[in-house]
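See below for the structure under consideration.
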Amino acid sequence: MGEKNSVRPRKVPLRQCTGCGERKEKKELVRIIKTPEDQIMIDLTGKKNGRGAYICNSTECLRQARRRKSLERSLKTVIPDEIYEELEKEMDNIAEG
Ligand SMILES: [Zn+2]
């Protein structure tokens with residue numbers, strides 16, 4: 001008897017990395033957004049307004065997303081090279097903590 005009170009593990013919502021396509025917990029990913037002003041930026045708070053895409057905290061995944069244009073597709077915008085370079089630099093900073 002007595003299974004009715006068993007605690008169900010809380011489901012963690014997973015997000016897909018735009019680069020490698022792996023599904024991970026939100027906290028393991030970096031959120032990149034397009035603001036209403038059409039700026040592309042990394043959203044460290046995860047709370048900014050705008051269309052968002054998730055990516056591993058890895059420049060490797062960023063490069064993959066760049067090559068495959070999957071980030072542009074997710075954000076429905078064209079991302080110039082210099083923005084990708086900015087994002088890469090920012091990610092390096094995050095990785096270093
Ligand atoms: Zn990834």
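Letters A, B, ... go to the chains of the structure tokens in the order shown; residues in each chain start at 1; ligands are counted from 1 in the same order.
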
Practice prompt. With only C-alpha atoms and all ligand atoms counted, collect every polymer residue having an atom within 6 Å of ligand 1; state the result as a PyMOL selection string.
Written response: chain A and resi 17+19-22+55-56+61

Worksheet item: If we count only C-alpha atoms, what is near stretch 73-78 of chain A at a cut-off of 10 Å, once residues fewer than 4 positions away on the same chain are taken out, given as a list in words?
Response: Thr18, Ile32, Ile33, Lys34, Thr35, Asp38, Gln39, Ile40, Gly50, Arg51, Gly52, Ala53, Tyr54, Ala65, Arg68 and Lys69 of chain A

Discussion item. With DSSP run on the backbone, what are the helix (DSSP H, G or I) residues within chain A? I'd like them as JSON, numbers by chain.
Written reply: {"A": [26, 27, 28, 59, 60, 61, 62, 63, 64, 65, 66, 67, 68, 70, 71, 72, 73, 74, 75, 81, 82, 83, 84, 85, 86, 87, 88, 89, 90, 91, 92, 93, 94, 95, 96]}

Residues just named, written with C-alpha atoms as an mmCIF file, in the first residue's frame:
data_model
loop_
_atom_site.group_PDB
_atom_site.id
_atom_site.type_symbol
_atom_site.label_atom_id
_atom_site.label_comp_id
_atom_site.auth_asym_id
_atom_site.auth_seq_id
_atom_site.Cartn_x
_atom_site.Cartn_y
_atom_site.Cartn_z
ATOM 1 C CA LYS A 26 18.376 27.045 -17.787
ATOM 2 C CA LYS A 27 21.050 27.803 -15.232
ATOM 3 C CA GLU A 28 23.638 25.979 -17.327
ATOM 4 C CA THR A 59 32.331 30.012 -27.289
ATOM 5 C CA GLU A 60 32.390 26.717 -29.162
ATOM 6 C CA CYS A 61 28.591 26.587 -29.142
ATOM 7 C CA LEU A 62 28.450 30.241 -30.104
ATOM 8 C CA ARG A 63 30.628 29.546 -33.124
ATOM 9 C CA GLN A 64 28.429 26.627 -34.092
ATOM 10 C CA ALA A 65 25.342 28.795 -33.811
ATOM 11 C CA ARG A 66 27.068 31.410 -35.937
ATOM 12 C CA ARG A 67 28.092 28.930 -38.604
ATOM 13 C CA ARG A 68 24.662 27.384 -38.791
ATOM 14 C CA SER A 70 20.653 29.049 -35.836
ATOM 15 C CA LEU A 71 20.951 31.981 -33.469
ATOM 16 C CA GLU A 72 19.791 34.339 -36.195
ATOM 17 C CA ARG A 73 16.864 32.057 -36.889
ATOM 18 C CA SER A 74 15.918 31.906 -33.214
ATOM 19 C CA LEU A 75 16.098 35.642 -32.783
ATOM 20 C CA ASP A 81 30.127 39.752 -37.354
ATOM 21 C CA GLU A 82 31.085 42.396 -34.815
ATOM 22 C CA ILE A 83 28.143 41.448 -32.636
ATOM 23 C CA TYR A 84 29.228 37.819 -32.667
ATOM 24 C CA GLU A 85 32.688 38.932 -31.642
ATOM 25 C CA GLU A 86 31.237 40.999 -28.797
ATOM 26 C CA LEU A 87 29.175 38.046 -27.622
ATOM 27 C CA GLU A 88 32.220 35.808 -27.741
ATOM 28 C CA LYS A 89 34.208 38.240 -25.619
ATOM 29 C CA GLU A 90 31.386 38.542 -23.122
ATOM 30 C CA MET A 91 31.119 34.777 -22.876
ATOM 31 C CA ASP A 92 34.813 34.532 -22.181
ATOM 32 C CA ASN A 93 34.314 36.917 -19.295
ATOM 33 C CA ILE A 94 31.437 34.905 -17.906
ATOM 34 C CA ALA A 95 33.408 31.694 -18.161
ATOM 35 C CA GLU A 96 36.197 33.244 -16.131
#

Worksheet item: Please, what distance in Å, to one decimal, runs between atom CA of A:Thr45 and atom CA of A:Arg23?
Response: 19.8 Å

For the structure I just gave you, how does DSSP split chain A - specifically, which residues are strand (DSSP E)? Reply as a CSV table (one decimal) with C-alpha atoms, in the first residue's frame.
chain,number,residue,atom,x,y,z
A,14,LEU,CA,15.0,22.3,-20.1
A,15,ARG,CA,16.1,24.7,-22.8
A,16,GLN,CA,17.8,23.8,-26.0
A,23,ARG,CA,18.9,20.3,-23.8
A,24,LYS,CA,20.1,21.6,-20.5
A,25,GLU,CA,18.8,23.3,-17.4
A,29,LEU,CA,22.9,28.1,-20.3
A,30,VAL,CA,23.4,31.7,-21.3
A,31,ARG,CA,20.4,33.7,-22.5
A,32,ILE,CA,20.9,35.9,-25.6
A,33,ILE,CA,18.2,38.3,-26.4
A,34,LYS,CA,17.1,40.7,-29.0
A,40,ILE,CA,21.6,41.7,-29.4
A,41,MET,CA,23.0,41.1,-26.0
A,42,ILE,CA,23.7,38.5,-23.3
A,43,ASP,CA,21.0,38.6,-20.6
A,51,ARG,CA,13.1,37.5,-27.9
A,52,GLY,CA,15.5,35.1,-26.3
A,53,ALA,CA,17.6,32.2,-27.3
A,54,TYR,CA,19.6,29.9,-25.1
A,55,ILE,CA,23.1,28.7,-25.6
A,56,CYS,CA,25.8,26.8,-23.6
